[in-house]
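Presented below is the structure to which this report refers.
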Amino acid sequence: MPLAVELQGVAFGYRPGQRVLEGVDLRLGEGEFVAVAGPNGGGKTTLMRIVLGLERPGEGTALLFGEPAHRFSARRALGYLAQRAVVGGDAPATVREVVSAGRLATGRLVGRLRQEDRRQVSDAIERVGLDLVADAPLKTLSGGMQQRAFIAKALAGRPSLLVLDEPTTGVDAESQESLAQLLADLHGELGVTIVYVSHEFGAVEHHVQRLVLVRRTIVFDGSPHDLPGVWHDPGHVHARE
Ligand SMILES: Nc1ncnc2c1ncn2[C@@H]1O[C@H](COP(=O)(O)OP(=O)(O)OP(=O)(O)O)[C@@H](O)[C@H]1O
Ligand SMILES: [Mg+2]
């Protein structure tokens, strides 16, 4: 299976002597749908930033579709929903405007979308089920709907890899479930590689074939069914060590 992500012996610290991650080996095949979980401060976001080439490992190697991640050329192939992307905010941007930003390669101006871009934007909005509110200001929507808009923004670039970092923060349980279902559908229909990061993985557990637990290093990597019962309690994950 061709690999989307290949990390080997990765260690990383934000300052000399610090080790936020160490000994990380991770291979994600193209088209996998994987959940990444672990305690607060366990290194999930840092790991995703390394995967996406936004940070360079202090030790080891990080490849994205076979290229060194930090030099990966086809940035548009990467959809990244950063942690706490939803700001609520006062910006009057509509759903369609936010999603359109996902089509803009660097240097292209807002409002200069070509027909193909507009089609992809409408398609992405429809896929996440926001067609009826496409021209409503984002800030008038619920947290769950705003998350869908940001997912559509990432999808509009037709990514090969979609990374969502804590997409359900501040979203109720029901919306978490429907977001998980949406991702499962997108995975099934588009075959996009999806990495879903959350310190709680209950909502996606039934949809993913693979769960990776991160606490400075990878402490579990396998089917959620094989997860030792004791790891299901986030408090336990936190308290160990
Ligand atoms: N920009 C930064 N500068 C310095 N230290 C950082 C920075 N970002 C994260 N850290 C530290 O690195 C460690 C891992 O943080 P990271 O954000 O990757 O964890 P996380 O698993 O994503 O946590 P959370 O569940 O809270 O999102 C933590 O100890 C954190 O304090
Ligand atoms: Mg994080």
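Following the order of the structure tokens, chains are lettered A, B, ..., residues in each are numbered from 1, and ligands are numbered from 1.
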
Which residues of chain A have any atom within 12 Å of an atom in ligand 2 when counting only C-alpha atoms and all ligand atoms, and what is the closest pair of atoms for each, with the distance in Å to one decimal? Order the rows by chain and rising number and write it as JSON lines.
{"residue": "A:Val36", "atom": "CA", "partner": "ligand 2", "partner_atom_place_in_ligand_line": "1 (Mg)", "distance": 10.4}
{"residue": "A:Ala37", "atom": "CA", "partner": "ligand 2", "partner_atom_place_in_ligand_line": "1 (Mg)", "distance": 9.6}
{"residue": "A:Gly38", "atom": "CA", "partner": "ligand 2", "partner_atom_place_in_ligand_line": "1 (Mg)", "distance": 9.4}
{"residue": "A:Pro39", "atom": "CA", "partner": "ligand 2", "partner_atom_place_in_ligand_line": "1 (Mg)", "distance": 9.1}
{"residue": "A:Asn40", "atom": "CA", "partner": "ligand 2", "partner_atom_place_in_ligand_line": "1 (Mg)", "distance": 6.9}
{"residue": "A:Gly41", "atom": "CA", "partner": "ligand 2", "partner_atom_place_in_ligand_line": "1 (Mg)", "distance": 6.9}
{"residue": "A:Gly42", "atom": "CA", "partner": "ligand 2", "partner_atom_place_in_ligand_line": "1 (Mg)", "distance": 8.0}
{"residue": "A:Gly43", "atom": "CA", "partner": "ligand 2", "partner_atom_place_in_ligand_line": "1 (Mg)", "distance": 6.8}
{"residue": "A:Lys44", "atom": "CA", "partner": "ligand 2", "partner_atom_place_in_ligand_line": "1 (Mg)", "distance": 5.3}
{"residue": "A:Thr45", "atom": "CA", "partner": "ligand 2", "partner_atom_place_in_ligand_line": "1 (Mg)", "distance": 4.0}
{"residue": "A:Thr46", "atom": "CA", "partner": "ligand 2", "partner_atom_place_in_ligand_line": "1 (Mg)", "distance": 7.2}
{"residue": "A:Leu47", "atom": "CA", "partner": "ligand 2", "partner_atom_place_in_ligand_line": "1 (Mg)", "distance": 9.0}
{"residue": "A:Met48", "atom": "CA", "partner": "ligand 2", "partner_atom_place_in_ligand_line": "1 (Mg)", "distance": 8.8}
{"residue": "A:Arg49", "atom": "CA", "partner": "ligand 2", "partner_atom_place_in_ligand_line": "1 (Mg)", "distance": 10.0}
{"residue": "A:Leu81", "atom": "CA", "partner": "ligand 2", "partner_atom_place_in_ligand_line": "1 (Mg)", "distance": 11.5}
{"residue": "A:Ala82", "atom": "CA", "partner": "ligand 2", "partner_atom_place_in_ligand_line": "1 (Mg)", "distance": 8.8}
{"residue": "A:Gln83", "atom": "CA", "partner": "ligand 2", "partner_atom_place_in_ligand_line": "1 (Mg)", "distance": 6.2}
{"residue": "A:Arg84", "atom": "CA", "partner": "ligand 2", "partner_atom_place_in_ligand_line": "1 (Mg)", "distance": 9.0}
{"residue": "A:Ala85", "atom": "CA", "partner": "ligand 2", "partner_atom_place_in_ligand_line": "1 (Mg)", "distance": 11.7}
{"residue": "A:Leu164", "atom": "CA", "partner": "ligand 2", "partner_atom_place_in_ligand_line": "1 (Mg)", "distance": 10.4}
{"residue": "A:Asp165", "atom": "CA", "partner": "ligand 2", "partner_atom_place_in_ligand_line": "1 (Mg)", "distance": 6.6}
{"residue": "A:Glu166", "atom": "CA", "partner": "ligand 2", "partner_atom_place_in_ligand_line": "1 (Mg)", "distance": 7.0}
{"residue": "A:Pro167", "atom": "CA", "partner": "ligand 2", "partner_atom_place_in_ligand_line": "1 (Mg)", "distance": 10.4}
{"residue": "A:Thr169", "atom": "CA", "partner": "ligand 2", "partner_atom_place_in_ligand_line": "1 (Mg)", "distance": 10.7}
{"residue": "A:Tyr196", "atom": "CA", "partner": "ligand 2", "partner_atom_place_in_ligand_line": "1 (Mg)", "distance": 11.4}
{"residue": "A:Val197", "atom": "CA", "partner": "ligand 2", "partner_atom_place_in_ligand_line": "1 (Mg)", "distance": 7.9}
{"residue": "A:Ser198", "atom": "CA", "partner": "ligand 2", "partner_atom_place_in_ligand_line": "1 (Mg)", "distance": 7.9}
{"residue": "A:His199", "atom": "CA", "partner": "ligand 2", "partner_atom_place_in_ligand_line": "1 (Mg)", "distance": 8.2}
{"residue": "A:Glu200", "atom": "CA", "partner": "ligand 2", "partner_atom_place_in_ligand_line": "1 (Mg)", "distance": 11.6}
{"residue": "A:Val214", "atom": "CA", "partner": "ligand 2", "partner_atom_place_in_ligand_line": "1 (Mg)", "distance": 10.9}
{"residue": "A:Arg215", "atom": "CA", "partner": "ligand 2", "partner_atom_place_in_ligand_line": "1 (Mg)", "distance": 11.6}

Hey, can you spit out that residue selection with N, CA and C atoms as a PDB file, in the first residue's frame?
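Heads up, here's the output in again.pdb:
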ATOM      1  N   VAL A  36      -6.355   9.512  16.269  1.00  0.00           N
ATOM      2  CA  VAL A  36      -5.195   9.716  17.127  1.00  0.00           C
ATOM      3  C   VAL A  36      -5.706  10.301  18.440  1.00  0.00           C
ATOM      4  N   ALA A  37      -5.393   9.630  19.537  1.00  0.00           N
ATOM      5  CA  ALA A  37      -5.876  10.084  20.835  1.00  0.00           C
ATOM      6  C   ALA A  37      -4.717  10.126  21.820  1.00  0.00           C
ATOM      7  N   GLY A  38      -5.011  10.571  23.017  1.00  0.00           N
ATOM      8  CA  GLY A  38      -3.979  10.665  24.050  1.00  0.00           C
ATOM      9  C   GLY A  38      -4.288  11.825  24.965  1.00  0.00           C
ATOM     10  N   PRO A  39      -3.593  11.901  26.095  1.00  0.00           N
ATOM     11  CA  PRO A  39      -3.910  12.928  27.089  1.00  0.00           C
ATOM     12  C   PRO A  39      -3.531  14.330  26.622  1.00  0.00           C
ATOM     13  N   ASN A  40      -4.054  15.328  27.289  1.00  0.00           N
ATOM     14  CA  ASN A  40      -3.648  16.709  27.032  1.00  0.00           C
ATOM     15  C   ASN A  40      -2.142  16.830  27.213  1.00  0.00           C
ATOM     16  N   GLY A  41      -1.509  17.481  26.277  1.00  0.00           N
ATOM     17  CA  GLY A  41      -0.068  17.663  26.355  1.00  0.00           C
ATOM     18  C   GLY A  41       0.720  16.432  25.929  1.00  0.00           C
ATOM     19  N   GLY A  42       0.031  15.397  25.463  1.00  0.00           N
ATOM     20  CA  GLY A  42       0.697  14.157  25.066  1.00  0.00           C
ATOM     21  C   GLY A  42       1.502  14.275  23.778  1.00  0.00           C
ATOM     22  N   GLY A  43       1.241  15.345  23.010  1.00  0.00           N
ATOM     23  CA  GLY A  43       2.026  15.567  21.797  1.00  0.00           C
ATOM     24  C   GLY A  43       1.265  15.351  20.499  1.00  0.00           C
ATOM     25  N   LYS A  44      -0.065  15.272  20.564  1.00  0.00           N
ATOM     26  CA  LYS A  44      -0.860  14.991  19.363  1.00  0.00           C
ATOM     27  C   LYS A  44      -0.732  16.104  18.317  1.00  0.00           C
ATOM     28  N   THR A  45      -0.904  17.340  18.776  1.00  0.00           N
ATOM     29  CA  THR A  45      -0.833  18.467  17.835  1.00  0.00           C
ATOM     30  C   THR A  45       0.569  18.595  17.254  1.00  0.00           C
ATOM     31  N   THR A  46       1.566  18.429  18.112  1.00  0.00           N
ATOM     32  CA  THR A  46       2.955  18.504  17.652  1.00  0.00           C
ATOM     33  C   THR A  46       3.209  17.427  16.594  1.00  0.00           C
ATOM     34  N   LEU A  47       2.712  16.240  16.867  1.00  0.00           N
ATOM     35  CA  LEU A  47       2.891  15.137  15.921  1.00  0.00           C
ATOM     36  C   LEU A  47       2.246  15.477  14.571  1.00  0.00           C
ATOM     37  N   MET A  48       1.056  16.054  14.607  1.00  0.00           N
ATOM     38  CA  MET A  48       0.383  16.407  13.350  1.00  0.00           C
ATOM     39  C   MET A  48       1.147  17.492  12.608  1.00  0.00           C
ATOM     40  N   ARG A  49       1.709  18.440  13.348  1.00  0.00           N
ATOM     41  CA  ARG A  49       2.487  19.509  12.703  1.00  0.00           C
ATOM     42  C   ARG A  49       3.738  18.934  12.034  1.00  0.00           C
ATOM     43  N   LEU A  81      -7.334  21.071   9.561  1.00  0.00           N
ATOM     44  CA  LEU A  81      -8.214  21.815  10.446  1.00  0.00           C
ATOM     45  C   LEU A  81      -7.461  21.910  11.763  1.00  0.00           C
ATOM     46  N   ALA A  82      -6.833  23.047  12.004  1.00  0.00           N
ATOM     47  CA  ALA A  82      -6.000  23.193  13.195  1.00  0.00           C
ATOM     48  C   ALA A  82      -6.874  23.207  14.443  1.00  0.00           C
ATOM     49  N   GLN A  83      -6.262  22.865  15.565  1.00  0.00           N
ATOM     50  CA  GLN A  83      -6.996  22.855  16.827  1.00  0.00           C
ATOM     51  C   GLN A  83      -7.566  24.241  17.097  1.00  0.00           C
ATOM     52  N   ARG A  84      -8.801  24.288  17.582  1.00  0.00           N
ATOM     53  CA  ARG A  84      -9.482  25.549  17.865  1.00  0.00           C
ATOM     54  C   ARG A  84      -9.546  26.470  16.663  1.00  0.00           C
ATOM     55  N   ALA A  85      -9.868  25.893  15.502  1.00  0.00           N
ATOM     56  CA  ALA A  85     -10.001  26.704  14.295  1.00  0.00           C
ATOM     57  C   ALA A  85     -11.277  27.546  14.361  1.00  0.00           C
ATOM     58  N   LEU A 164      -7.652  16.516  11.040  1.00  0.00           N
ATOM     59  CA  LEU A 164      -8.556  17.330  11.864  1.00  0.00           C
ATOM     60  C   LEU A 164      -8.094  17.227  13.306  1.00  0.00           C
ATOM     61  N   ASP A 165      -7.696  18.339  13.877  1.00  0.00           N
ATOM     62  CA  ASP A 165      -7.163  18.333  15.235  1.00  0.00           C
ATOM     63  C   ASP A 165      -8.251  18.807  16.201  1.00  0.00           C
ATOM     64  N   GLU A 166      -8.753  17.906  17.000  1.00  0.00           N
ATOM     65  CA  GLU A 166      -9.818  18.197  17.973  1.00  0.00           C
ATOM     66  C   GLU A 166     -10.989  18.941  17.327  1.00  0.00           C
ATOM     67  N   PRO A 167     -11.569  18.341  16.289  1.00  0.00           N
ATOM     68  CA  PRO A 167     -12.643  19.060  15.591  1.00  0.00           C
ATOM     69  C   PRO A 167     -13.923  19.174  16.395  1.00  0.00           C
ATOM     70  N   THR A 169     -14.198  20.027  19.725  1.00  0.00           N
ATOM     71  CA  THR A 169     -14.124  20.844  20.934  1.00  0.00           C
ATOM     72  C   THR A 169     -15.334  21.785  20.973  1.00  0.00           C
ATOM     73  N   TYR A 196      -7.937  11.820  12.425  1.00  0.00           N
ATOM     74  CA  TYR A 196      -8.869  12.509  13.310  1.00  0.00           C
ATOM     75  C   TYR A 196      -8.264  12.513  14.705  1.00  0.00           C
ATOM     76  N   VAL A 197      -7.878  13.688  15.169  1.00  0.00           N
ATOM     77  CA  VAL A 197      -7.216  13.793  16.466  1.00  0.00           C
ATOM     78  C   VAL A 197      -8.222  14.223  17.525  1.00  0.00           C
ATOM     79  N   SER A 198      -8.215  13.514  18.627  1.00  0.00           N
ATOM     80  CA  SER A 198      -9.093  13.902  19.724  1.00  0.00           C
ATOM     81  C   SER A 198      -8.597  13.242  20.990  1.00  0.00           C
ATOM     82  N   HIS A 199      -8.704  13.942  22.123  1.00  0.00           N
ATOM     83  CA  HIS A 199      -8.307  13.215  23.334  1.00  0.00           C
ATOM     84  C   HIS A 199      -9.419  12.262  23.759  1.00  0.00           C
ATOM     85  N   GLU A 200     -10.594  12.461  23.178  1.00  0.00           N
ATOM     86  CA  GLU A 200     -11.652  11.474  23.347  1.00  0.00           C
ATOM     87  C   GLU A 200     -11.976  10.933  21.965  1.00  0.00           C
ATOM     88  N   VAL A 214      -1.079   8.520  21.639  1.00  0.00           N
ATOM     89  CA  VAL A 214       0.190   9.240  21.754  1.00  0.00           C
ATOM     90  C   VAL A 214       0.359   9.778  23.169  1.00  0.00           C
ATOM     91  N   ARG A 215       1.440   9.376  23.786  1.00  0.00           N
ATOM     92  CA  ARG A 215       1.833  10.017  25.043  1.00  0.00           C
ATOM     93  C   ARG A 215       3.358  10.078  25.007  1.00  0.00           C
TER      94      ARG A 215
END

Query - Backbone-only DSSP, strand (DSSP E) members of segment 26-185 of chain A, as a ChimeraX atom specification - result: /A:26-29,33-37,59-64,67-68,78-81,161-165

Include N, CA and C atoms and write out the residues we just selected as a PDB file, in the first residue's frame.
ATOM      1  N   LEU A  26       5.675   5.835  12.639  1.00  0.00           N
ATOM      2  CA  LEU A  26       4.267   5.818  12.235  1.00  0.00           C
ATOM      3  C   LEU A  26       4.169   5.750  10.725  1.00  0.00           C
ATOM      4  N   ARG A  27       3.428   4.777  10.245  1.00  0.00           N
ATOM      5  CA  ARG A  27       3.190   4.664   8.804  1.00  0.00           C
ATOM      6  C   ARG A  27       1.692   4.661   8.569  1.00  0.00           C
ATOM      7  N   LEU A  28       1.228   5.595   7.770  1.00  0.00           N
ATOM      8  CA  LEU A  28      -0.190   5.644   7.420  1.00  0.00           C
ATOM      9  C   LEU A  28      -0.332   5.421   5.931  1.00  0.00           C
ATOM     10  N   GLY A  29      -1.080   4.392   5.571  1.00  0.00           N
ATOM     11  CA  GLY A  29      -1.291   4.103   4.157  1.00  0.00           C
ATOM     12  C   GLY A  29      -2.261   5.091   3.536  1.00  0.00           C
ATOM     13  N   PHE A  33      -8.306   5.670   7.467  1.00  0.00           N
ATOM     14  CA  PHE A  33      -9.045   6.572   8.351  1.00  0.00           C
ATOM     15  C   PHE A  33      -8.608   6.198   9.759  1.00  0.00           C
ATOM     16  N   VAL A  34      -7.840   7.086  10.383  1.00  0.00           N
ATOM     17  CA  VAL A  34      -7.172   6.770  11.634  1.00  0.00           C
ATOM     18  C   VAL A  34      -7.560   7.781  12.704  1.00  0.00           C
ATOM     19  N   ALA A  35      -7.793   7.311  13.912  1.00  0.00           N
ATOM     20  CA  ALA A  35      -7.995   8.219  15.041  1.00  0.00           C
ATOM     21  C   ALA A  35      -6.706   8.300  15.840  1.00  0.00           C
ATOM     22  N   VAL A  36      -6.355   9.512  16.269  1.00  0.00           N
ATOM     23  CA  VAL A  36      -5.195   9.716  17.127  1.00  0.00           C
ATOM     24  C   VAL A  36      -5.706  10.301  18.440  1.00  0.00           C
ATOM     25  N   ALA A  37      -5.393   9.630  19.537  1.00  0.00           N
ATOM     26  CA  ALA A  37      -5.876  10.084  20.835  1.00  0.00           C
ATOM     27  C   ALA A  37      -4.717  10.126  21.820  1.00  0.00           C
ATOM     28  N   GLU A  59      15.136  14.747  15.473  1.00  0.00           N
ATOM     29  CA  GLU A  59      15.781  13.489  15.096  1.00  0.00           C
ATOM     30  C   GLU A  59      14.815  12.702  14.236  1.00  0.00           C
ATOM     31  N   GLY A  60      15.361  11.850  13.394  1.00  0.00           N
ATOM     32  CA  GLY A  60      14.509  10.972  12.596  1.00  0.00           C
ATOM     33  C   GLY A  60      14.030  11.632  11.320  1.00  0.00           C
ATOM     34  N   THR A  61      13.153  10.928  10.615  1.00  0.00           N
ATOM     35  CA  THR A  61      12.684  11.438   9.330  1.00  0.00           C
ATOM     36  C   THR A  61      11.163  11.434   9.261  1.00  0.00           C
ATOM     37  N   ALA A  62      10.640  12.399   8.511  1.00  0.00           N
ATOM     38  CA  ALA A  62       9.200  12.506   8.279  1.00  0.00           C
ATOM     39  C   ALA A  62       8.972  12.652   6.787  1.00  0.00           C
ATOM     40  N   LEU A  63       8.270  11.687   6.211  1.00  0.00           N
ATOM     41  CA  LEU A  63       7.944  11.734   4.786  1.00  0.00           C
ATOM     42  C   LEU A  63       6.442  11.882   4.589  1.00  0.00           C
ATOM     43  N   LEU A  64       6.084  12.686   3.582  1.00  0.00           N
ATOM     44  CA  LEU A  64       4.684  12.864   3.187  1.00  0.00           C
ATOM     45  C   LEU A  64       4.592  12.427   1.740  1.00  0.00           C
ATOM     46  N   GLU A  67       7.898  12.319   0.043  1.00  0.00           N
ATOM     47  CA  GLU A  67       8.803  13.482   0.030  1.00  0.00           C
ATOM     48  C   GLU A  67       9.073  13.918   1.470  1.00  0.00           C
ATOM     49  N   PRO A  68      10.258  14.502   1.734  1.00  0.00           N
ATOM     50  CA  PRO A  68      10.461  15.062   3.078  1.00  0.00           C
ATOM     51  C   PRO A  68       9.304  16.026   3.400  1.00  0.00           C
ATOM     52  N   LEU A  78      -3.084  18.956   1.049  1.00  0.00           N
ATOM     53  CA  LEU A  78      -3.190  18.781   2.490  1.00  0.00           C
ATOM     54  C   LEU A  78      -4.340  19.613   3.034  1.00  0.00           C
ATOM     55  N   GLY A  79      -5.279  18.979   3.681  1.00  0.00           N
ATOM     56  CA  GLY A  79      -6.358  19.705   4.345  1.00  0.00           C
ATOM     57  C   GLY A  79      -6.107  19.637   5.839  1.00  0.00           C
ATOM     58  N   TYR A  80      -5.989  20.787   6.477  1.00  0.00           N
ATOM     59  CA  TYR A  80      -5.651  20.804   7.895  1.00  0.00           C
ATOM     60  C   TYR A  80      -6.635  21.675   8.645  1.00  0.00           C
ATOM     61  N   LEU A  81      -7.334  21.071   9.561  1.00  0.00           N
ATOM     62  CA  LEU A  81      -8.214  21.815  10.446  1.00  0.00           C
ATOM     63  C   LEU A  81      -7.461  21.910  11.763  1.00  0.00           C
ATOM     64  N   LEU A 161      -4.852  14.184   1.904  1.00  0.00           N
ATOM     65  CA  LEU A 161      -4.723  13.927   3.337  1.00  0.00           C
ATOM     66  C   LEU A 161      -5.488  15.004   4.083  1.00  0.00           C
ATOM     67  N   LEU A 162      -6.372  14.571   4.960  1.00  0.00           N
ATOM     68  CA  LEU A 162      -7.172  15.500   5.755  1.00  0.00           C
ATOM     69  C   LEU A 162      -6.851  15.252   7.221  1.00  0.00           C
ATOM     70  N   VAL A 163      -6.339  16.270   7.896  1.00  0.00           N
ATOM     71  CA  VAL A 163      -6.003  16.161   9.314  1.00  0.00           C
ATOM     72  C   VAL A 163      -6.923  17.082  10.101  1.00  0.00           C
ATOM     73  N   LEU A 164      -7.652  16.516  11.040  1.00  0.00           N
ATOM     74  CA  LEU A 164      -8.556  17.330  11.864  1.00  0.00           C
ATOM     75  C   LEU A 164      -8.094  17.227  13.306  1.00  0.00           C
ATOM     76  N   ASP A 165      -7.696  18.339  13.877  1.00  0.00           N
ATOM     77  CA  ASP A 165      -7.163  18.333  15.235  1.00  0.00           C
ATOM     78  C   ASP A 165      -8.251  18.807  16.201  1.00  0.00           C
TER      79      ASP A 165
END

Requested in this report: Please provide the set of residues having any atom within 12 Å of Gly188 of chain A, restricted to only C-alpha atoms, with same-chain residues fewer than 5 positions apart removed, written as number ranges by chain.
Outcome: A: 31-33, 181-183, 193-194, 207-208

Requested in this report: State, in Å with one decimal place, the distance from atom CA of Asp221 of chain A to atom CA of Phe201 of chain A.
Outcome: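 Separation of atom CA of Asp221 of chain A and atom CA of Phe201 of chain A: 13.6 Å.
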
Query raised in the report: Could you state the separation of atom CA of Ile125 of chain A and atom CA of Ala156 of chain A in Å, given to one decimal place?
Result: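 Going from atom CA of Ile125 of chain A over to atom CA of Ala156 of chain A, I get 8.4 Å.
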
Requested in this report: Run DSSP on the backbone of this structure and report the residues of segment 13-214 of chain A it assigns to helix (DSSP H, G or I), as a ChimeraX atom specification.
Outcome: /A:44-51,69-71,75-77,95-103,115-127,131-133,138-140,143-156,173-190

What would the file look like if the residues just selected were written as a PDB file, in the first residue's frame with C-alpha atoms?
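Dumped to selection22.pdb:
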ATOM      1  CA  LYS A  44      -0.860  14.991  19.363  1.00  0.00           C
ATOM      2  CA  THR A  45      -0.833  18.467  17.835  1.00  0.00           C
ATOM      3  CA  THR A  46       2.955  18.504  17.652  1.00  0.00           C
ATOM      4  CA  LEU A  47       2.891  15.137  15.921  1.00  0.00           C
ATOM      5  CA  MET A  48       0.383  16.407  13.350  1.00  0.00           C
ATOM      6  CA  ARG A  49       2.487  19.509  12.703  1.00  0.00           C
ATOM      7  CA  ILE A  50       5.458  17.240  12.006  1.00  0.00           C
ATOM      8  CA  VAL A  51       3.333  15.034   9.755  1.00  0.00           C
ATOM      9  CA  ALA A  69       7.431  16.552   4.842  1.00  0.00           C
ATOM     10  CA  HIS A  70       8.896  20.044   5.321  1.00  0.00           C
ATOM     11  CA  ARG A  71       9.645  20.269   1.589  1.00  0.00           C
ATOM     12  CA  ARG A  75       0.525  21.828  -0.220  1.00  0.00           C
ATOM     13  CA  ARG A  76      -2.988  21.970  -1.677  1.00  0.00           C
ATOM     14  CA  ALA A  77      -3.177  18.216  -1.270  1.00  0.00           C
ATOM     15  CA  VAL A  95     -20.004  29.865   4.656  1.00  0.00           C
ATOM     16  CA  ARG A  96     -19.331  30.100   0.922  1.00  0.00           C
ATOM     17  CA  GLU A  97     -16.618  32.721   1.423  1.00  0.00           C
ATOM     18  CA  VAL A  98     -14.898  30.666   4.099  1.00  0.00           C
ATOM     19  CA  VAL A  99     -15.036  27.541   1.958  1.00  0.00           C
ATOM     20  CA  SER A 100     -13.787  29.469  -1.085  1.00  0.00           C
ATOM     21  CA  ALA A 101     -10.615  30.321   0.802  1.00  0.00           C
ATOM     22  CA  GLY A 102      -9.855  26.594   0.594  1.00  0.00           C
ATOM     23  CA  ARG A 103      -9.539  26.943  -3.194  1.00  0.00           C
ATOM     24  CA  GLN A 115     -15.800  28.190 -12.611  1.00  0.00           C
ATOM     25  CA  GLU A 116     -14.092  24.953 -11.572  1.00  0.00           C
ATOM     26  CA  ASP A 117     -13.245  26.500  -8.211  1.00  0.00           C
ATOM     27  CA  ARG A 118     -16.844  27.568  -7.698  1.00  0.00           C
ATOM     28  CA  ARG A 119     -18.030  24.093  -8.548  1.00  0.00           C
ATOM     29  CA  GLN A 120     -15.667  22.520  -6.041  1.00  0.00           C
ATOM     30  CA  VAL A 121     -16.780  25.011  -3.396  1.00  0.00           C
ATOM     31  CA  SER A 122     -20.462  24.181  -3.957  1.00  0.00           C
ATOM     32  CA  ASP A 123     -19.687  20.482  -3.975  1.00  0.00           C
ATOM     33  CA  ALA A 124     -17.804  20.717  -0.667  1.00  0.00           C
ATOM     34  CA  ILE A 125     -20.640  22.721   0.928  1.00  0.00           C
ATOM     35  CA  GLU A 126     -23.157  20.148  -0.233  1.00  0.00           C
ATOM     36  CA  ARG A 127     -21.058  17.244   1.031  1.00  0.00           C
ATOM     37  CA  ASP A 131     -26.216  24.001   1.221  1.00  0.00           C
ATOM     38  CA  LEU A 132     -29.206  25.664   2.865  1.00  0.00           C
ATOM     39  CA  VAL A 133     -27.027  28.052   4.849  1.00  0.00           C
ATOM     40  CA  LEU A 138     -20.612  31.783   9.624  1.00  0.00           C
ATOM     41  CA  LYS A 139     -21.023  33.388  13.030  1.00  0.00           C
ATOM     42  CA  THR A 140     -24.795  32.839  12.919  1.00  0.00           C
ATOM     43  CA  GLY A 143     -20.492  25.317  16.655  1.00  0.00           C
ATOM     44  CA  GLY A 144     -21.095  21.999  14.919  1.00  0.00           C
ATOM     45  CA  MET A 145     -22.137  23.701  11.698  1.00  0.00           C
ATOM     46  CA  GLN A 146     -19.118  25.993  11.831  1.00  0.00           C
ATOM     47  CA  GLN A 147     -16.923  22.918  12.112  1.00  0.00           C
ATOM     48  CA  ARG A 148     -18.597  21.503   9.021  1.00  0.00           C
ATOM     49  CA  ALA A 149     -17.863  24.740   7.175  1.00  0.00           C
ATOM     50  CA  PHE A 150     -14.168  24.422   8.058  1.00  0.00           C
ATOM     51  CA  ILE A 151     -14.193  20.816   6.936  1.00  0.00           C
ATOM     52  CA  ALA A 152     -15.736  21.946   3.638  1.00  0.00           C
ATOM     53  CA  LYS A 153     -12.982  24.544   3.339  1.00  0.00           C
ATOM     54  CA  ALA A 154     -10.387  21.789   3.701  1.00  0.00           C
ATOM     55  CA  LEU A 155     -12.298  19.550   1.263  1.00  0.00           C
ATOM     56  CA  ALA A 156     -12.581  22.283  -1.359  1.00  0.00           C
ATOM     57  CA  ALA A 173     -22.337  14.693  21.710  1.00  0.00           C
ATOM     58  CA  GLU A 174     -24.946  14.472  18.983  1.00  0.00           C
ATOM     59  CA  SER A 175     -22.976  16.757  16.664  1.00  0.00           C
ATOM     60  CA  GLN A 176     -19.841  14.749  17.440  1.00  0.00           C
ATOM     61  CA  GLU A 177     -21.610  11.619  16.250  1.00  0.00           C
ATOM     62  CA  SER A 178     -22.850  13.262  13.080  1.00  0.00           C
ATOM     63  CA  LEU A 179     -19.402  14.702  12.399  1.00  0.00           C
ATOM     64  CA  ALA A 180     -17.917  11.223  12.788  1.00  0.00           C
ATOM     65  CA  GLN A 181     -20.529   9.871  10.377  1.00  0.00           C
ATOM     66  CA  LEU A 182     -19.776  12.662   7.910  1.00  0.00           C
ATOM     67  CA  LEU A 183     -16.070  11.813   7.984  1.00  0.00           C
ATOM     68  CA  ALA A 184     -16.813   8.139   7.522  1.00  0.00           C
ATOM     69  CA  ASP A 185     -18.949   9.000   4.478  1.00  0.00           C
ATOM     70  CA  LEU A 186     -16.267  11.266   3.028  1.00  0.00           C
ATOM     71  CA  HIS A 187     -13.713   8.564   3.578  1.00  0.00           C
ATOM     72  CA  GLY A 188     -15.921   6.032   1.828  1.00  0.00           C
ATOM     73  CA  GLU A 189     -16.857   8.275  -1.085  1.00  0.00           C
ATOM     74  CA  LEU A 190     -13.612  10.141  -1.720  1.00  0.00           C
TER      75      LEU A 190
END

**Report entry** Interatomic distance, atom 7 (C, counted along the ligand's line) of ligand 1 to atom CA of Gly9 of chain A (Å, one decimal)
**Finding:** 20.2 Å

Query raised in the report: So, counting only C-alpha atoms and all ligand atoms, which residue among A:Asp135, A:Arg15, A:Glu205, A:Met1 is closest to ligand 1?
Result: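 Checking each candidate against ligand 1, we get A:Arg15 as the closest.
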
Query raised in the report: In terms of the shortest atom-to-atom distance over only C-alpha atoms, which of A:Gly129, A:Val212, A:Gly17, A:Pro137 is closest to Pro92 of chain A?
Result: A:Pro137

**Report entry** Top pick for closest residue to Gly58 of chain A, considering A:Gly222, A:Pro159, A:Gly23, A:Gly202 and counting only C-alpha atoms
**Finding:** A:Gly23

Query raised in the report: Which of these residues is nearest to ligand 1, using only C-alpha atoms and all ligand atoms: A:Glu6, A:Leu141, A:Ser73, A:Thr168?
Result: A:Thr168
